[in-house]
Amino acid sequence: MKIFTSVNDVTNIDEMVNEALMLKKDPYAFSHLGKNKTLGMVFLNPSLRTRLSTQKAGMNLGMNTIVLNMDKEGWALEMNDGAVMNGSSVEHVRDAAAVLSQYCDIIAIRCFAHMKNKEEDYSEKIINQFKKYSTVPVVSMEGSTLHPLQSFADVITIRENWNKKQKPKVVLTWAPHIKPIAQAVANSFSEWMLKTDVDFTITHPEGYELSEAFTKGAKIVYDQQEALKDADFVYVKNWSCYTDYAKIACTDSSWMLTNKKLEVTNNAKVMHCLPVRRNLEVSDEVLDGANSLILQQASNRLFSAQAVLKKILETK
Ligand code: CP
């Protein structure tokens, strides 16, 4: 594996899940693999889980890790080829990525959507420019449209909590929020679910349809209670509108997930990638209840990252 920016970079999801579960049992079994190798982690946005889990994953594999908070400590990057750089940007991504490639054996990058221009965000310009100008493998720690390390951890978590023969019913439900949040987690979760052996439904208010590029094949149900019926897993996430880009079209607090809502499910386990706005997206009683998987998901972020880095180190 030389690139990890979406589910399409994974040849066999089942094998990758097995690899992650093996690493979870024995995290230091491959601590020789990254000896004298450096993981460079470039952040253009804040993070708790992604930063610490990816850094720890590299360390478990014996890698040195360098974190660059590019948004605060680095030069403002120019992303457009051929730009006349007489504005606020100081360094071209062409030079920055080439220089980082001299210091690092793998470059991981977090670069959220700017939520202003759909075409620009959905072109994944920043990740693609890093891919173009780096001479070492590039890993997405969340781009404008996808969050594959999170989705991989979510698939691991579902596997750990499902041992029946039939497919589990997995429901991704929209939740209220006060800010226009990117569609990346929802897009990515959908993309991974559609390549996994589950019965997958998405529920959201009208106007919140995600891009078909990531949801083709999913059932879309506008009635949340109908969608939740017999669910085995409920994944809660807010996102802003895709069509009327970055708009908040619904503030209906009745979309918050509560225990009452879960009564129609098959005693569903509840998931959220975190950070979560408590009692806005999901009630405390659900998040802190027996069926909440939020901490297990966060724990599995370590092993999704470690499985990806291991695969890349083995490929080089
Ligand atoms: N779930 C997730 O990516 O968390 P952070 O934004 O804190 O990294």
# chains A, B, ... in the order shown; residues from 1 in each chain; ligands from 1
call {"tool": "select_by_dssp", "arguments": {"residues": "region 65-255 of chain A", "states": "strand (DSSP E or B)", "output": "ChimeraX atom specification"}}
result
/A:65-69,77-78,91-92,106-110,138-140,169-174,199-203,219-221,233-237
call {"tool": "closest_atom_pairs", "arguments": {"of": "chain A", "to": "ligand 1", "cutoff": "8 Å", "atoms": "only C-alpha atoms and all ligand atoms", "output": "CSV"}}
result
residue,atom,partner,partner_atom_place_in_ligand_line,distance
A:Pro46,CA,ligand 1,6 (O),6.5
A:Ser47,CA,ligand 1,8 (O),3.8
A:Leu48,CA,ligand 1,7 (O),3.4
A:Arg49,CA,ligand 1,8 (O),3.9
A:Thr50,CA,ligand 1,8 (O),3.6
A:Arg51,CA,ligand 1,8 (O),5.9
A:Leu52,CA,ligand 1,8 (O),7.9
A:Met141,CA,ligand 1,3 (O),7.6
A:Glu142,CA,ligand 1,3 (O),7.2
A:His147,CA,ligand 1,3 (O),7.4
A:Gln150,CA,ligand 1,1 (N),6.2
A:Cys273,CA,ligand 1,1 (N),4.5
A:Leu274,CA,ligand 1,1 (N),4.8
A:Pro275,CA,ligand 1,4 (O),6.0
A:Ala298,CA,ligand 1,1 (N),7.2
call {"tool": "write_last_selection", "arguments": {"atoms": "all heavy atoms", "output": "short mmCIF file (atom, residue, chain, number, x, y, z; two decimals), in the first residue's frame"}}
result
data_model
loop_
_atom_site.label_atom_id
_atom_site.label_comp_id
_atom_site.auth_asym_id
_atom_site.auth_seq_id
_atom_site.Cartn_x
_atom_site.Cartn_y
_atom_site.Cartn_z
N PRO A 46 -7.46 21.20 13.95
CA PRO A 46 -7.31 20.57 15.28
C PRO A 46 -7.61 19.07 15.27
O PRO A 46 -8.25 18.57 14.35
CB PRO A 46 -8.35 21.31 16.13
CG PRO A 46 -8.78 22.49 15.35
CD PRO A 46 -8.56 22.18 13.91
N SER A 47 -7.19 18.41 16.31
CA SER A 47 -7.46 16.97 16.47
C SER A 47 -7.11 16.53 17.87
O SER A 47 -6.18 17.06 18.48
CB SER A 47 -6.61 16.18 15.47
OG SER A 47 -6.64 14.80 15.77
N LEU A 48 -7.82 15.54 18.38
CA LEU A 48 -7.42 14.85 19.61
C LEU A 48 -7.09 13.40 19.25
O LEU A 48 -5.95 12.96 19.28
CB LEU A 48 -8.54 14.91 20.66
CG LEU A 48 -8.19 14.40 22.07
CD1 LEU A 48 -9.15 14.96 23.10
CD2 LEU A 48 -8.16 12.89 22.18
N ARG A 49 -8.13 12.66 18.83
CA ARG A 49 -7.99 11.23 18.56
C ARG A 49 -7.01 10.93 17.44
O ARG A 49 -6.13 10.07 17.57
CB ARG A 49 -9.35 10.59 18.19
CG ARG A 49 -10.23 10.29 19.39
CD ARG A 49 -11.67 10.56 19.05
NE ARG A 49 -11.86 11.98 18.88
CZ ARG A 49 -12.16 12.82 19.90
NH1 ARG A 49 -12.36 12.34 21.09
NH2 ARG A 49 -12.28 14.12 19.70
N THR A 50 -7.17 11.61 16.31
CA THR A 50 -6.36 11.29 15.14
C THR A 50 -4.89 11.54 15.41
O THR A 50 -4.03 10.73 15.08
CB THR A 50 -6.84 12.14 13.94
OG1 THR A 50 -8.24 11.91 13.78
CG2 THR A 50 -6.11 11.77 12.68
N ARG A 51 -4.62 12.67 16.04
CA ARG A 51 -3.23 13.03 16.35
C ARG A 51 -2.58 11.99 17.26
O ARG A 51 -1.52 11.44 16.98
CB ARG A 51 -3.21 14.39 17.06
CG ARG A 51 -1.84 14.82 17.56
CD ARG A 51 -1.99 16.10 18.32
NE ARG A 51 -2.60 17.09 17.45
CZ ARG A 51 -1.98 18.16 16.97
NH1 ARG A 51 -0.72 18.37 17.30
NH2 ARG A 51 -2.59 19.01 16.20
N LEU A 52 -3.25 11.67 18.38
CA LEU A 52 -2.62 10.80 19.37
C LEU A 52 -2.61 9.33 18.91
O LEU A 52 -1.63 8.63 19.12
CB LEU A 52 -3.32 10.94 20.72
CG LEU A 52 -3.25 12.35 21.33
CD1 LEU A 52 -3.87 12.37 22.71
CD2 LEU A 52 -1.81 12.85 21.41
N MET A 141 -5.44 11.87 7.20
CA MET A 141 -5.93 11.87 8.59
C MET A 141 -7.24 12.67 8.65
O MET A 141 -7.61 13.19 9.69
CB MET A 141 -4.88 12.48 9.52
CG MET A 141 -3.61 11.66 9.61
SD MET A 141 -2.49 12.19 10.94
CE MET A 141 -2.02 13.82 10.37
N GLU A 142 -7.91 12.76 7.57
CA GLU A 142 -9.19 13.41 7.26
C GLU A 142 -8.97 14.54 6.28
O GLU A 142 -8.29 15.52 6.58
CB GLU A 142 -9.97 13.95 8.48
CG GLU A 142 -11.39 14.40 8.07
CD GLU A 142 -12.30 14.74 9.25
OE1 GLU A 142 -12.01 14.40 10.41
OE2 GLU A 142 -13.37 15.34 8.97
N HIS A 147 -12.86 10.50 5.74
CA HIS A 147 -12.07 10.27 6.96
C HIS A 147 -11.83 8.77 7.08
O HIS A 147 -12.41 8.09 7.93
CB HIS A 147 -12.84 10.82 8.16
CG HIS A 147 -12.04 10.95 9.42
ND1 HIS A 147 -10.71 10.56 9.53
CD2 HIS A 147 -12.38 11.44 10.65
CE1 HIS A 147 -10.28 10.79 10.75
NE2 HIS A 147 -11.27 11.32 11.45
N GLN A 150 -10.92 6.86 10.40
CA GLN A 150 -12.07 6.74 11.30
C GLN A 150 -12.98 5.61 10.84
O GLN A 150 -13.39 4.76 11.64
CB GLN A 150 -12.85 8.07 11.33
CG GLN A 150 -14.10 8.02 12.20
CD GLN A 150 -13.77 7.84 13.67
OE1 GLN A 150 -13.00 8.60 14.24
NE2 GLN A 150 -14.35 6.84 14.32
N CYS A 273 -18.16 9.19 16.12
CA CYS A 273 -16.71 9.27 15.95
C CYS A 273 -16.03 10.15 17.00
O CYS A 273 -14.83 10.05 17.21
CB CYS A 273 -16.38 9.78 14.55
SG CYS A 273 -16.97 11.47 14.26
N LEU A 274 -16.80 11.02 17.66
CA LEU A 274 -16.28 12.03 18.59
C LEU A 274 -15.41 13.05 17.85
O LEU A 274 -14.79 12.68 16.87
CB LEU A 274 -15.50 11.41 19.76
CG LEU A 274 -16.25 10.36 20.59
CD1 LEU A 274 -15.34 9.86 21.71
CD2 LEU A 274 -17.55 10.89 21.17
N PRO A 275 -15.31 14.31 18.25
CA PRO A 275 -16.01 14.86 19.41
C PRO A 275 -17.51 14.97 19.16
O PRO A 275 -17.95 15.17 18.02
CB PRO A 275 -15.40 16.25 19.55
CG PRO A 275 -14.92 16.61 18.18
CD PRO A 275 -14.53 15.33 17.53
N ALA A 298 -12.92 4.91 19.58
CA ALA A 298 -11.72 5.74 19.76
C ALA A 298 -10.49 4.87 19.99
O ALA A 298 -9.41 5.13 19.45
CB ALA A 298 -11.93 6.70 20.93
#
call {"tool": "residues_around", "arguments": {"residues": "region 127-134 of chain A", "least_positions_apart": "4", "cutoff": "10 Å", "atoms": "only C-alpha atoms", "output": "JSON, numbers by chain"}}
result
{"A": [3, 5, 79, 80, 81, 93, 94, 95, 96, 97, 98, 99, 100, 101, 102, 104, 106, 107, 108, 109, 110, 111, 123, 138, 139, 140, 141, 142, 143, 144]}
call {"tool": "write_last_selection", "arguments": {"atoms": "N, CA, C and O atoms", "output": "compact mmCIF listing (two decimals), in the first residue's frame"}}
result
# COMPACT_ATOMS: atom_id res chain seq x y z
N ILE A 3 -0.61 4.48 -0.68
CA ILE A 3 -1.47 5.63 -0.43
C ILE A 3 -2.63 5.14 0.43
O ILE A 3 -3.13 4.02 0.21
N THR A 5 -6.04 7.07 1.28
CA THR A 5 -6.88 8.27 1.32
C THR A 5 -8.36 7.93 1.21
O THR A 5 -9.21 8.82 1.33
N MET A 79 -1.63 26.32 -2.79
CA MET A 79 -2.02 25.02 -3.35
C MET A 79 -2.16 25.04 -4.87
O MET A 79 -2.23 23.99 -5.49
N ASN A 80 -2.21 26.22 -5.45
CA ASN A 80 -2.47 26.30 -6.90
C ASN A 80 -1.18 26.32 -7.70
O ASN A 80 -0.31 27.18 -7.47
N ASP A 81 -1.09 25.39 -8.64
CA ASP A 81 0.08 25.36 -9.52
C ASP A 81 0.08 26.61 -10.39
O ASP A 81 -0.97 27.04 -10.88
N VAL A 93 3.02 24.25 -2.02
CA VAL A 93 2.93 22.84 -1.61
C VAL A 93 3.95 21.99 -2.35
O VAL A 93 4.46 21.00 -1.81
N ARG A 94 4.29 22.39 -3.56
CA ARG A 94 5.29 21.66 -4.35
C ARG A 94 6.63 21.57 -3.60
O ARG A 94 7.25 20.50 -3.55
N ASP A 95 7.02 22.68 -3.01
CA ASP A 95 8.29 22.71 -2.26
C ASP A 95 8.12 22.07 -0.89
O ASP A 95 8.96 21.30 -0.45
N ALA A 96 7.01 22.39 -0.22
CA ALA A 96 6.79 21.86 1.14
C ALA A 96 6.73 20.33 1.13
O ALA A 96 7.37 19.66 1.95
N ALA A 97 5.98 19.77 0.20
CA ALA A 97 5.82 18.31 0.15
C ALA A 97 7.14 17.64 -0.22
O ALA A 97 7.50 16.58 0.31
N ALA A 98 7.89 18.27 -1.12
CA ALA A 98 9.18 17.70 -1.52
C ALA A 98 10.17 17.73 -0.35
O ALA A 98 10.92 16.77 -0.13
N VAL A 99 10.16 18.82 0.41
CA VAL A 99 11.07 18.93 1.55
C VAL A 99 10.67 17.93 2.64
O VAL A 99 11.51 17.19 3.18
N LEU A 100 9.35 17.87 2.95
CA LEU A 100 8.87 16.90 3.96
C LEU A 100 9.27 15.47 3.57
O LEU A 100 9.60 14.66 4.44
N SER A 101 9.25 15.19 2.29
CA SER A 101 9.58 13.84 1.81
C SER A 101 11.05 13.49 2.07
O SER A 101 11.43 12.32 2.11
N GLN A 102 11.89 14.54 2.23
CA GLN A 102 13.30 14.27 2.53
C GLN A 102 13.51 13.91 4.00
O GLN A 102 14.46 13.23 4.35
N CYS A 104 10.87 12.59 5.98
CA CYS A 104 9.89 11.60 6.45
C CYS A 104 9.76 10.43 5.46
O CYS A 104 9.89 10.62 4.26
N ILE A 106 6.89 8.48 5.66
CA ILE A 106 5.44 8.52 5.40
C ILE A 106 4.96 9.92 5.82
O ILE A 106 5.37 10.42 6.88
N ILE A 107 4.11 10.53 5.00
CA ILE A 107 3.51 11.82 5.37
C ILE A 107 2.02 11.60 5.59
O ILE A 107 1.32 11.08 4.72
N ALA A 108 1.54 11.97 6.78
CA ALA A 108 0.10 11.91 7.06
C ALA A 108 -0.39 13.35 7.15
O ALA A 108 0.31 14.22 7.69
N ILE A 109 -1.57 13.61 6.61
CA ILE A 109 -2.06 15.00 6.58
C ILE A 109 -3.53 15.09 6.94
O ILE A 109 -4.34 14.23 6.56
N ARG A 110 -3.85 16.12 7.72
CA ARG A 110 -5.26 16.46 8.02
C ARG A 110 -5.57 17.82 7.41
O ARG A 110 -4.89 18.81 7.70
N CYS A 111 -6.56 17.86 6.56
CA CYS A 111 -6.92 19.13 5.88
C CYS A 111 -8.42 19.13 5.62
O CYS A 111 -8.89 18.58 4.65
N SER A 123 -12.80 18.44 -4.76
CA SER A 123 -11.66 18.04 -5.60
C SER A 123 -10.52 17.50 -4.73
O SER A 123 -9.54 16.98 -5.25
N VAL A 138 1.50 8.80 1.22
CA VAL A 138 0.67 9.81 1.88
C VAL A 138 -0.55 9.13 2.51
O VAL A 138 -1.20 8.29 1.88
N VAL A 139 -0.84 9.49 3.75
CA VAL A 139 -2.00 8.96 4.49
C VAL A 139 -2.93 10.12 4.84
O VAL A 139 -2.47 11.15 5.34
N SER A 140 -4.22 9.94 4.60
CA SER A 140 -5.20 10.97 4.99
C SER A 140 -5.56 10.79 6.47
O SER A 140 -5.95 9.70 6.89
N MET A 141 -5.44 11.87 7.20
CA MET A 141 -5.93 11.87 8.59
C MET A 141 -7.24 12.67 8.65
O MET A 141 -7.61 13.19 9.69
N GLU A 142 -7.91 12.76 7.57
CA GLU A 142 -9.19 13.41 7.26
C GLU A 142 -8.97 14.54 6.28
O GLU A 142 -8.29 15.52 6.58
N GLY A 143 -9.59 14.35 5.13
CA GLY A 143 -9.54 15.36 4.09
C GLY A 143 -10.83 16.14 4.04
O GLY A 143 -11.61 16.17 5.00
N SER A 144 -11.11 16.77 2.89
CA SER A 144 -12.33 17.57 2.73
C SER A 144 -13.57 16.70 2.65
O SER A 144 -14.65 17.12 3.05
call {"tool": "residues_around", "arguments": {"residues": "Leu302 (chain A)", "least_positions_apart": "4", "cutoff": "8 Å", "atoms": "only C-alpha atoms", "output": "JSON, numbers by chain"}}
result
{"A": [53, 54, 56, 57, 298, 306]}
call {"tool": "residues_around", "arguments": {"residues": "region 29-43 of chain A", "least_positions_apart": "4", "cutoff": "8 Å", "atoms": "only C-alpha atoms", "output": "number ranges by chain"}}
result
A: 23, 51, 55, 58-71, 100, 103-111, 310, 313-314
call {"tool": "closest_atom_pairs", "arguments": {"of": "region 174-227 of chain A", "to": "region 152-163 of chain A", "cutoff": "8 Å", "atoms": "only C-alpha atoms", "output": "tab-separated table"}}
result
residue	atom	partner	partner_atom	distance
A:Phe189	CA	A:Asp154	CA	7.8
A:Trp192	CA	A:Phe152	CA	7.4
A:Met193	CA	A:Val155	CA	7.7
call {"tool": "closest_residue", "arguments": {"among": "A:Asp14, A:Ile294, A:Ala268, A:Val7", "to": "Ser190 (chain A)", "atoms": "only C-alpha atoms"}}
result
A:Val7
call {"tool": "residues_around", "arguments": {"residues": "Ile220 (chain A)", "least_positions_apart": "6", "cutoff": "9 Å", "atoms": "only C-alpha atoms", "output": "mmCIF file with N, CA, C and O atoms, in the first residue's frame"}}
result
data_model
loop_
_atom_site.group_PDB
_atom_site.id
_atom_site.type_symbol
_atom_site.label_atom_id
_atom_site.label_comp_id
_atom_site.auth_asym_id
_atom_site.auth_seq_id
_atom_site.Cartn_x
_atom_site.Cartn_y
_atom_site.Cartn_z
ATOM 1 N N THR A 201 -28.541 1.671 5.919
ATOM 2 C CA THR A 201 -29.572 2.705 5.718
ATOM 3 C C THR A 201 -29.036 4.049 6.210
ATOM 4 O O THR A 201 -28.343 4.095 7.236
ATOM 5 N N ILE A 202 -29.382 5.112 5.481
ATOM 6 C CA ILE A 202 -29.048 6.471 5.938
ATOM 7 C C ILE A 202 -30.356 7.215 6.176
ATOM 8 O O ILE A 202 -31.270 7.149 5.346
ATOM 9 N N THR A 203 -30.456 7.901 7.311
ATOM 10 C CA THR A 203 -31.652 8.706 7.579
ATOM 11 C C THR A 203 -31.246 10.149 7.905
ATOM 12 O O THR A 203 -30.283 10.381 8.658
ATOM 13 N N HIS A 204 -31.969 11.094 7.291
ATOM 14 C CA HIS A 204 -31.675 12.517 7.499
ATOM 15 C C HIS A 204 -32.884 13.324 7.059
ATOM 16 O O HIS A 204 -33.726 12.828 6.293
ATOM 17 N N GLU A 209 -29.223 15.224 1.650
ATOM 18 C CA GLU A 209 -28.707 14.123 0.841
ATOM 19 C C GLU A 209 -27.195 14.309 0.649
ATOM 20 O O GLU A 209 -26.729 15.404 0.314
ATOM 21 N N ALA A 227 -36.450 4.350 9.919
ATOM 22 C CA ALA A 227 -35.087 3.891 9.600
ATOM 23 C C ALA A 227 -34.488 3.096 10.763
ATOM 24 O O ALA A 227 -33.797 2.098 10.561
#
call {"tool": "residues_around", "arguments": {"residues": "Asn259 (chain A)", "least_positions_apart": "6", "cutoff": "8 Å", "atoms": "only C-alpha atoms", "output": "NGL selection string"}}
result
:A and (283 or 285-286)
call {"tool": "select_by_dssp", "arguments": {"residues": "region 76-248 of chain A", "states": "helix (DSSP H, G or I)", "output": "PyMOL selection string"}}
result
chain A and resi 93-103+118-122+125-133+148-160+184-193+212-215+224-228
call {"tool": "decode", "arguments": {"residues": "region 204-315 of chain A", "atoms": "C-alpha atoms", "output": "tab-separated table (two decimals), in the first residue's frame"}}
result
chain	number	residue	atom	x	y	z
A	204	HIS	CA	-31.67	12.52	7.50
A	205	PRO	CA	-34.08	15.41	6.98
A	206	GLU	CA	-34.87	16.26	3.35
A	207	GLY	CA	-32.17	18.51	1.91
A	208	TYR	CA	-29.32	16.65	3.64
A	209	GLU	CA	-28.71	14.12	0.84
A	210	LEU	CA	-25.01	13.26	0.64
A	211	SER	CA	-23.11	13.02	-2.63
A	212	GLU	CA	-24.13	9.93	-4.60
A	213	ALA	CA	-20.43	9.34	-5.23
A	214	PHE	CA	-20.30	7.92	-1.69
A	215	THR	CA	-23.85	6.68	-1.04
A	216	LYS	CA	-24.95	4.89	-4.23
A	217	GLY	CA	-26.58	1.64	-3.08
A	218	ALA	CA	-27.54	2.84	0.41
A	219	LYS	CA	-31.21	2.96	1.47
A	220	ILE	CA	-32.25	6.56	2.19
A	221	VAL	CA	-35.17	6.94	4.62
A	222	TYR	CA	-36.36	10.40	5.67
A	223	ASP	CA	-38.38	9.13	8.66
A	224	GLN	CA	-35.85	8.55	11.43
A	225	GLN	CA	-38.05	6.20	13.49
A	226	GLU	CA	-38.80	4.05	10.44
A	227	ALA	CA	-35.09	3.89	9.60
A	228	LEU	CA	-34.15	2.90	13.17
A	229	LYS	CA	-36.56	-0.04	13.25
A	230	ASP	CA	-34.66	-3.29	13.94
A	231	ALA	CA	-31.27	-1.57	13.68
A	232	ASP	CA	-28.32	-3.43	15.19
A	233	PHE	CA	-25.95	-0.44	15.00
A	234	VAL	CA	-26.85	3.25	14.96
A	235	TYR	CA	-24.12	5.68	13.88
A	236	VAL	CA	-24.89	9.28	14.80
A	237	LYS	CA	-23.31	12.19	12.93
A	238	ASN	CA	-24.16	15.71	11.94
A	239	TRP	CA	-23.32	17.07	8.52
A	240	SER	CA	-24.30	20.25	6.69
A	241	CYS	CA	-26.09	20.25	3.32
A	242	TYR	CA	-24.21	18.95	0.30
A	243	THR	CA	-26.57	20.23	-2.42
A	244	ASP	CA	-27.12	23.70	-0.92
A	245	TYR	CA	-23.52	23.52	0.10
A	246	ALA	CA	-22.57	24.02	3.77
A	247	LYS	CA	-26.02	25.33	4.70
A	248	ILE	CA	-27.86	24.36	7.91
A	249	ALA	CA	-31.35	23.54	6.63
A	250	CYS	CA	-32.72	21.88	9.79
A	251	THR	CA	-32.39	22.72	13.46
A	252	ASP	CA	-35.11	20.32	14.63
A	253	SER	CA	-33.87	19.08	18.01
A	254	SER	CA	-36.13	16.02	17.79
A	255	TRP	CA	-33.45	14.42	15.55
A	256	MET	CA	-31.19	14.02	18.64
A	257	LEU	CA	-30.73	10.32	19.48
A	258	THR	CA	-32.29	9.32	22.81
A	259	ASN	CA	-33.04	6.05	24.58
A	260	LYS	CA	-36.72	6.48	23.67
A	261	LYS	CA	-35.83	6.55	19.97
A	262	LEU	CA	-33.76	3.39	20.36
A	263	GLU	CA	-36.73	1.37	21.64
A	264	VAL	CA	-37.64	0.31	18.08
A	265	THR	CA	-34.12	-1.02	17.39
A	266	ASN	CA	-32.75	-4.50	17.95
A	267	ASN	CA	-31.09	-3.33	21.19
A	268	ALA	CA	-28.78	-1.36	18.91
A	269	LYS	CA	-25.21	-0.42	19.74
A	270	VAL	CA	-24.60	3.30	19.31
A	271	MET	CA	-21.61	4.82	17.58
A	272	HIS	CA	-20.19	8.33	17.15
A	273	CYS	CA	-16.71	9.27	15.95
A	274	LEU	CA	-16.28	12.03	18.59
A	275	PRO	CA	-16.01	14.86	19.41
A	276	VAL	CA	-19.74	14.86	20.17
A	277	ARG	CA	-21.99	17.73	21.24
A	278	ARG	CA	-23.73	16.07	24.19
A	279	ASN	CA	-27.48	16.55	24.50
A	280	LEU	CA	-27.54	18.18	21.07
A	281	GLU	CA	-26.50	15.30	18.79
A	282	VAL	CA	-26.93	12.45	21.30
A	283	SER	CA	-28.28	12.42	24.87
A	284	ASP	CA	-26.02	11.70	27.83
A	285	GLU	CA	-28.08	8.61	28.68
A	286	VAL	CA	-27.22	7.06	25.29
A	287	LEU	CA	-23.56	8.10	25.23
A	288	ASP	CA	-22.96	6.80	28.76
A	289	GLY	CA	-25.27	3.79	28.44
A	290	ALA	CA	-24.41	0.11	28.17
A	291	ASN	CA	-24.80	0.07	24.38
A	292	SER	CA	-22.47	2.97	23.65
A	293	LEU	CA	-19.42	2.04	21.58
A	294	ILE	CA	-17.84	5.51	21.46
A	295	LEU	CA	-14.77	4.64	23.55
A	296	GLN	CA	-14.23	1.36	21.73
A	297	GLN	CA	-14.29	3.27	18.43
A	298	ALA	CA	-11.72	5.74	19.76
A	299	SER	CA	-9.57	2.86	21.00
A	300	ASN	CA	-9.72	1.21	17.58
A	301	ARG	CA	-8.39	4.38	15.94
A	302	LEU	CA	-4.98	3.21	17.18
A	303	PHE	CA	-5.25	-0.13	15.45
A	304	SER	CA	-6.72	1.15	12.20
A	305	ALA	CA	-3.78	3.55	11.94
A	306	GLN	CA	-1.30	0.87	12.96
A	307	ALA	CA	-2.62	-1.60	10.36
A	308	VAL	CA	-2.36	1.07	7.63
A	309	LEU	CA	1.16	2.17	8.61
A	310	LYS	CA	2.27	-1.47	8.86
A	311	LYS	CA	0.95	-2.21	5.38
A	312	ILE	CA	2.78	0.84	3.98
A	313	LEU	CA	6.04	-0.02	5.74
A	314	GLU	CA	5.85	-3.57	4.39
A	315	THR	CA	5.23	-2.29	0.85
